[in-house]
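final_38.csv follows; it contains CSV, C-alpha atoms.
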```
chain,number,residue,atom,x,y,z
A,155,MET,CA,-17.0,-24.5,-5.5
A,156,ASN,CA,-15.1,-21.8,-3.7
A,157,LEU,CA,-12.0,-20.3,-5.3
A,158,LEU,CA,-10.4,-20.1,-1.9
A,159,ALA,CA,-11.4,-22.1,1.1
A,160,VAL,CA,-10.1,-22.1,4.7
A,161,GLU,CA,-11.3,-25.0,6.8
A,162,ASN,CA,-10.8,-25.4,10.6
A,163,LEU,CA,-7.6,-23.4,10.3
A,164,GLY,CA,-5.3,-23.3,13.3
A,165,LYS,CA,-2.0,-21.7,13.8
A,166,ASN,CA,0.1,-21.8,16.9
A,167,PHE,CA,3.3,-19.8,17.6
A,168,GLY,CA,4.7,-21.6,20.7
A,169,GLU,CA,2.3,-20.9,23.5
A,170,ARG,CA,0.3,-18.3,21.5
A,171,ILE,CA,-2.7,-19.5,19.5
A,172,LEU,CA,-3.7,-17.1,16.7
A,173,PHE,CA,-6.4,-19.2,15.1
A,174,GLU,CA,-8.5,-22.1,16.2
A,175,GLY,CA,-11.2,-23.5,13.9
A,176,LEU,CA,-11.2,-20.5,11.5
A,177,SER,CA,-13.3,-21.4,8.4
A,178,PHE,CA,-14.6,-19.4,5.4
A,179,GLY,CA,-14.9,-19.7,1.6
A,180,LEU,CA,-14.5,-17.1,-1.1
A,181,ALA,CA,-16.0,-17.4,-4.6
A,182,GLN,CA,-14.7,-15.7,-7.6
A,183,GLY,CA,-15.3,-11.9,-7.3
A,184,ASP,CA,-16.1,-11.9,-3.5
A,185,LYS,CA,-14.9,-9.0,-1.5
A,186,VAL,CA,-14.4,-9.7,2.2
A,187,ALA,CA,-13.1,-7.4,5.0
A,188,LEU,CA,-11.4,-8.9,8.0
A,189,ILE,CA,-11.8,-6.6,11.0
A,190,ALA,CA,-9.8,-7.3,14.1
A,191,SER,CA,-7.6,-5.6,16.6
A,192,ASN,CA,-3.8,-5.2,16.0
A,193,GLY,CA,-2.0,-8.5,16.6
A,194,ALA,CA,-5.1,-10.6,16.0
A,195,GLY,CA,-3.5,-12.4,13.1
A,196,LYS,CA,-4.7,-10.7,9.9
A,197,SER,CA,-1.2,-10.5,8.4
A,198,THR,CA,-0.4,-14.0,9.7
A,199,LEU,CA,-3.5,-15.3,7.8
A,200,PHE,CA,-2.1,-13.7,4.6
A,201,ASP,CA,1.3,-15.3,5.2
A,202,LEU,CA,-0.5,-18.6,5.5
A,203,LEU,CA,-2.5,-18.0,2.3
A,204,LEU,CA,0.8,-17.2,0.5
A,205,ARG,CA,2.3,-20.3,2.2
A,206,PHE,CA,5.2,-18.6,3.9
A,207,TYR,CA,4.4,-21.2,6.5
A,208,ASP,CA,1.8,-23.9,7.0
A,209,PRO,CA,-1.1,-24.1,9.4
A,210,SER,CA,-0.8,-26.1,12.6
A,211,ALA,CA,-4.3,-27.5,11.9
A,212,GLY,CA,-6.9,-27.5,9.2
A,213,SER,CA,-6.3,-26.6,5.5
A,214,ILE,CA,-6.4,-23.9,2.9
A,215,SER,CA,-7.4,-24.8,-0.6
A,216,LEU,CA,-7.3,-23.0,-4.0
A,217,GLU,CA,-9.9,-24.3,-6.5
A,218,GLY,CA,-10.3,-27.4,-4.4
A,219,ILE,CA,-6.6,-28.3,-4.1
A,220,ASP,CA,-4.8,-28.1,-0.7
A,221,ILE,CA,-2.2,-25.4,-1.2
A,222,ARG,CA,0.4,-27.7,0.5
A,223,GLU,CA,0.2,-29.8,-2.7
A,224,LEU,CA,0.9,-26.8,-4.9
A,225,ASP,CA,4.4,-25.4,-5.8
A,226,PRO,CA,4.7,-22.2,-3.8
A,227,GLY,CA,5.6,-20.3,-7.0
A,228,GLU,CA,2.4,-21.6,-8.8
A,229,LEU,CA,0.3,-20.7,-5.8
A,230,ARG,CA,1.7,-17.2,-5.5
A,231,SER,CA,1.1,-16.6,-9.3
A,232,HIS,CA,-2.6,-16.5,-8.5
A,233,ILE,CA,-2.2,-14.0,-5.7
A,234,ALA,CA,-1.1,-10.3,-5.4
A,235,ILE,CA,-0.7,-8.4,-2.1
A,236,VAL,CA,-0.7,-4.7,-1.4
A,237,SER,CA,0.5,-4.1,2.1
A,238,GLN,CA,0.9,-1.2,4.4
A,239,GLN,CA,4.6,-1.3,3.9
A,240,PRO,CA,5.0,-2.5,0.3
A,241,ALA,CA,8.3,-4.0,-0.7
A,242,MET,CA,10.4,-1.7,-3.0
A,243,PHE,CA,13.5,-3.0,-4.7
A,244,THR,CA,16.7,-1.3,-5.5
A,245,GLY,CA,16.2,-0.3,-9.1
A,246,ASN,CA,14.1,2.1,-11.1
A,247,VAL,CA,10.3,2.6,-11.3
A,248,SER,CA,9.9,0.2,-14.3
A,249,ASP,CA,11.8,-2.5,-12.4
A,250,ASN,CA,9.6,-2.2,-9.4
A,251,ILE,CA,6.3,-2.3,-11.4
A,252,SER,CA,7.4,-5.1,-13.6
A,253,TYR,CA,8.1,-7.3,-10.6
A,254,GLY,CA,4.4,-8.1,-11.0
A,255,ASP,CA,5.1,-9.6,-14.5
A,256,PRO,CA,8.8,-9.6,-15.4
A,257,SER,CA,7.9,-10.2,-19.1
A,258,ALA,CA,5.7,-7.1,-19.3
A,259,SER,CA,6.2,-4.6,-22.1
A,260,GLU,CA,7.0,-1.0,-21.5
A,261,ALA,CA,3.5,-0.1,-22.7
A,262,SER,CA,1.9,-2.5,-20.2
A,263,ILE,CA,4.0,-1.1,-17.4
A,264,LYS,CA,2.8,2.4,-18.3
A,265,GLU,CA,-0.8,1.3,-18.5
A,266,ALA,CA,-0.6,-0.3,-15.0
A,267,ALA,CA,0.9,3.0,-13.7
A,268,VAL,CA,-1.9,5.0,-15.2
A,269,ALA,CA,-4.5,2.6,-13.7
A,270,ALA,CA,-2.8,2.9,-10.3
A,271,TYR,CA,-2.9,6.7,-10.4
A,272,ALA,CA,0.9,6.7,-10.3
A,273,GLU,CA,1.7,8.2,-13.7
A,274,SER,CA,1.4,11.8,-12.5
A,275,PHE,CA,4.2,11.5,-9.9
A,276,ILE,CA,6.3,9.2,-12.1
A,277,GLU,CA,6.3,11.8,-14.9
A,278,GLU,CA,7.6,14.4,-12.5
A,279,LEU,CA,10.6,12.2,-11.5
A,280,PRO,CA,13.9,13.3,-13.2
A,281,GLU,CA,14.2,10.2,-15.4
A,282,LYS,CA,10.5,9.2,-15.3
A,283,TYR,CA,10.2,5.4,-15.4
A,284,GLU,CA,14.0,5.0,-15.4
A,285,SER,CA,14.4,7.0,-12.2
A,286,PHE,CA,16.3,5.1,-9.5
A,287,LEU,CA,14.3,4.8,-6.4
A,288,GLY,CA,17.1,4.1,-3.9
A,289,GLU,CA,17.3,1.4,-1.4
A,290,ALA,CA,13.8,0.2,-0.4
A,291,GLY,CA,12.3,3.0,-2.4
A,292,ILE,CA,13.6,5.7,-0.1
A,293,ARG,CA,13.0,8.4,-2.6
A,294,LEU,CA,9.2,7.8,-2.6
A,295,SER,CA,6.5,8.8,-0.2
A,296,GLY,CA,4.3,6.2,1.4
A,297,GLY,CA,1.4,7.0,-1.0
A,298,GLN,CA,3.8,6.8,-4.0
A,299,LYS,CA,5.1,3.4,-2.8
A,300,GLN,CA,1.5,2.2,-2.4
A,301,ARG,CA,0.6,3.2,-6.0
A,302,ILE,CA,3.7,1.5,-7.3
A,303,ALA,CA,2.6,-1.7,-5.4
A,304,ILE,CA,-0.9,-1.4,-6.9
A,305,ALA,CA,0.5,-0.9,-10.4
A,306,ARG,CA,2.6,-4.1,-9.8
A,307,ALA,CA,-0.6,-6.0,-8.8
A,308,ILE,CA,-2.5,-4.6,-11.8
A,309,LEU,CA,0.3,-5.8,-14.1
A,310,LYS,CA,0.2,-9.2,-12.4
A,311,ASP,CA,-3.5,-9.5,-13.0
A,312,PRO,CA,-4.2,-12.0,-10.1
A,313,GLU,CA,-7.3,-13.9,-9.3
A,314,ILE,CA,-6.9,-13.2,-5.6
A,315,LEU,CA,-6.0,-9.8,-4.1
A,316,LEU,CA,-4.8,-9.5,-0.5
A,317,LEU,CA,-5.0,-6.0,0.9
A,318,ASP,CA,-3.1,-5.7,4.2
A,319,GLU,CA,-4.0,-2.3,5.7
A,320,ALA,CA,-3.1,-0.8,2.3
A,321,THR,CA,-4.2,2.8,3.2
A,322,SER,CA,-3.7,2.9,7.0
A,323,ALA,CA,-0.6,5.1,7.1
A,324,LEU,CA,-1.4,7.6,4.4
A,325,ASP,CA,-2.3,11.3,4.5
A,326,ALA,CA,-5.8,12.2,3.2
A,327,GLU,CA,-4.8,13.0,-0.4
A,328,SER,CA,-2.6,9.9,-0.8
A,329,GLU,CA,-5.4,7.8,0.7
A,330,ARG,CA,-7.9,9.1,-1.8
A,331,GLN,CA,-5.7,8.3,-4.7
A,332,VAL,CA,-4.7,4.9,-3.4
A,333,GLN,CA,-8.4,4.1,-2.7
A,334,MET,CA,-9.4,5.0,-6.3
A,335,ALA,CA,-6.6,2.8,-7.6
A,336,LEU,CA,-7.7,-0.1,-5.3
A,337,GLU,CA,-11.3,0.2,-6.5
A,338,LYS,CA,-10.1,-0.3,-10.1
A,339,LEU,CA,-7.8,-3.2,-9.0
A,340,MET,CA,-10.6,-5.0,-7.1
A,341,LEU,CA,-13.0,-5.1,-10.0
A,342,ASN,CA,-13.9,-8.8,-10.8
A,343,ARG,CA,-11.3,-10.1,-8.3
A,344,THR,CA,-11.6,-12.0,-5.2
A,345,SER,CA,-10.4,-9.6,-2.5
A,346,LEU,CA,-9.6,-10.1,1.1
```
Can the structure from this file be put into structure tokens for me?
Amino acid sequence: MNLLAVENLGKNFGERILFEGLSFGLAQGDKVALIASNGAGKSTLFDLLLRFYDPSAGSISLEGIDIRELDPGELRSHIAIVSQQPAMFTGNVSDNISYGDPSASEASIKEAAVAAYAESFIEELPEKYESFLGEAGIRLSGGQKQRIAIARAILKDPEILLLDEATSALDAESERQVQMALEKLMLNRTSL
């Protein structure tokens, strides 16, 4: 059985049809890349998988259960996303990483930061893990935000990982570090 199955998926936005008859299945540990031009619907597919809205046709199932039958919170507990523009919250570094698991210990937060190659820049911040990031993480570079988002996903320990152009807007050095962190995060996970 597939961990995640998309069957005859269709999604319309008024006159615009993004998907028509899209089907695929992912088993535990599969790694699949979606390649399409900008505006083709890759991010929309992720929004459907996270159930921010429902498909116009077809179905998406997790472990054989239609996701419309699942509580959105329960569904999302199995999934982590690292996007091109990761959400950062007003608060400190620890707050932003622990969003992946609000009950996480300080040691677990630090382990996730090390695994995401974020510890080196965090240790250089004035108050380290207690450093305030500003609104939407304004005090961080794009690569630093990505590594915080990856640490958050590592801490969450999801079965399914959604990577939405996670390295597309980074300079070469940041991309290298983010790519190394993503490789660790993708181990033994279903990744799309």
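With all atoms listed in the file as the atoms that count, the residue of A:Ala190, A:Leu279, A:Gly183, A:Glu260 with the shortest distance to Leu339 of chain A is A:Gly183.
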Atomic distance atom CA of Val186 of chain A - atom CA of Leu158 of chain A, expressed in Å with one decimal: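 We find that atom CA of Val186 of chain A and atom CA of Leu158 of chain A lie 11.9 Å from each other.
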Non-local contacts of segment 330-337 of chain A (7 Å; all atoms listed in the file; under 3 positions in same chain excluded) as a VMD selection string: chain A and resid 269 to 271 297 300 to 301 321 326 to 327 340 to 341
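Near Ser215 of chain A, within a cut-off of 7 Å and counting only C-alpha atoms, sit the residues Leu158, Ala159, Val160 and Ile221 of chain A, with same-chain residues fewer than 6 positions away left out.
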Atom CA of Ile304 of chain A to atom CA of Asn342 of chain A, distance in Å rounded to a single decimal: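 One can read the atom CA of Ile304 of chain A to atom CA of Asn342 of chain A distance as 15.5 Å.
Across the structure, atom CA of Lys299 of chain A and atom CA of Ile276 of chain A are spaced 11.0 Å apart.
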Using all atoms listed in the file: which of A:Ser191, A:Ser197, A:Gln298, A:Ser213 has the shortest distance to Leu176 of chain A: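 Using all atoms listed in the file, Leu176 of chain A sits closest to A:Ser213.
If you measure from each of A:Ala305, A:Ala194, A:Leu287, A:Ile235 to Ser262 of chain A using all atoms listed in the file, the closest one turns out to be A:Ala305.
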Among the residues A:Ser285, A:Ser237, A:Ser252, A:Ser274, the one that comes closest to Leu317 of chain A [using all atoms listed in the file]: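 Closest to Leu317 of chain A, using all atoms listed in the file: A:Ser237.
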Selection near Glu289 of chain A, 9 Å with only C-alpha atoms, sequence-local residues under 4 positions removed, as a VMD selection string: chain A and resid 242 to 245 293
Residues as selected, C-alpha atoms, written as a JSON list (two decimals), in the coordinates of the input, can you do that?
```
[["chain", "number", "residue", "atom", "x", "y", "z"],
["A", 242, "MET", "CA", 10.40, -1.70, -3.00],
["A", 243, "PHE", "CA", 13.50, -3.00, -4.70],
["A", 244, "THR", "CA", 16.70, -1.30, -5.50],
["A", 245, "GLY", "CA", 16.20, -0.30, -9.10],
["A", 293, "ARG", "CA", 13.00, 8.40, -2.60]]
```
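In terms of minimum interatomic distance to Leu294 of chain A, A:Ala272 ranks closest within A:Ala258, A:Ala187, A:Ala272, A:Arg306, counting all atoms listed in the file.
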Give me the residues near Gly218 of chain A as a PDB file with C-alpha atoms, in the coordinates of the input, where near means some atom within 12 Å (using all atoms listed in the file) and where sequence neighbours in that chain fewer than 4 positions away do not count.
```pdb
ATOM      1  CA  MET A 155     -17.000 -24.500  -5.500  1.00  0.00           C
ATOM      2  CA  ASN A 156     -15.100 -21.800  -3.700  1.00  0.00           C
ATOM      3  CA  LEU A 157     -12.000 -20.300  -5.300  1.00  0.00           C
ATOM      4  CA  LEU A 158     -10.400 -20.100  -1.900  1.00  0.00           C
ATOM      5  CA  ALA A 159     -11.400 -22.100   1.100  1.00  0.00           C
ATOM      6  CA  VAL A 160     -10.100 -22.100   4.700  1.00  0.00           C
ATOM      7  CA  GLU A 161     -11.300 -25.000   6.800  1.00  0.00           C
ATOM      8  CA  GLY A 179     -14.900 -19.700   1.600  1.00  0.00           C
ATOM      9  CA  LEU A 180     -14.500 -17.100  -1.100  1.00  0.00           C
ATOM     10  CA  ALA A 181     -16.000 -17.400  -4.600  1.00  0.00           C
ATOM     11  CA  SER A 213      -6.300 -26.600   5.500  1.00  0.00           C
ATOM     12  CA  ILE A 214      -6.400 -23.900   2.900  1.00  0.00           C
ATOM     13  CA  ARG A 222       0.400 -27.700   0.500  1.00  0.00           C
ATOM     14  CA  GLU A 223       0.200 -29.800  -2.700  1.00  0.00           C
ATOM     15  CA  LEU A 224       0.900 -26.800  -4.900  1.00  0.00           C
TER      16      LEU A 224
END
```
Selection: 10 Å around Ser210 of chain A, all atoms listed in the file, excl. self and same-chain fewer than 3 positions, as a PyMOL selection string: chain A and resi 163-167+171+173-174+207+213
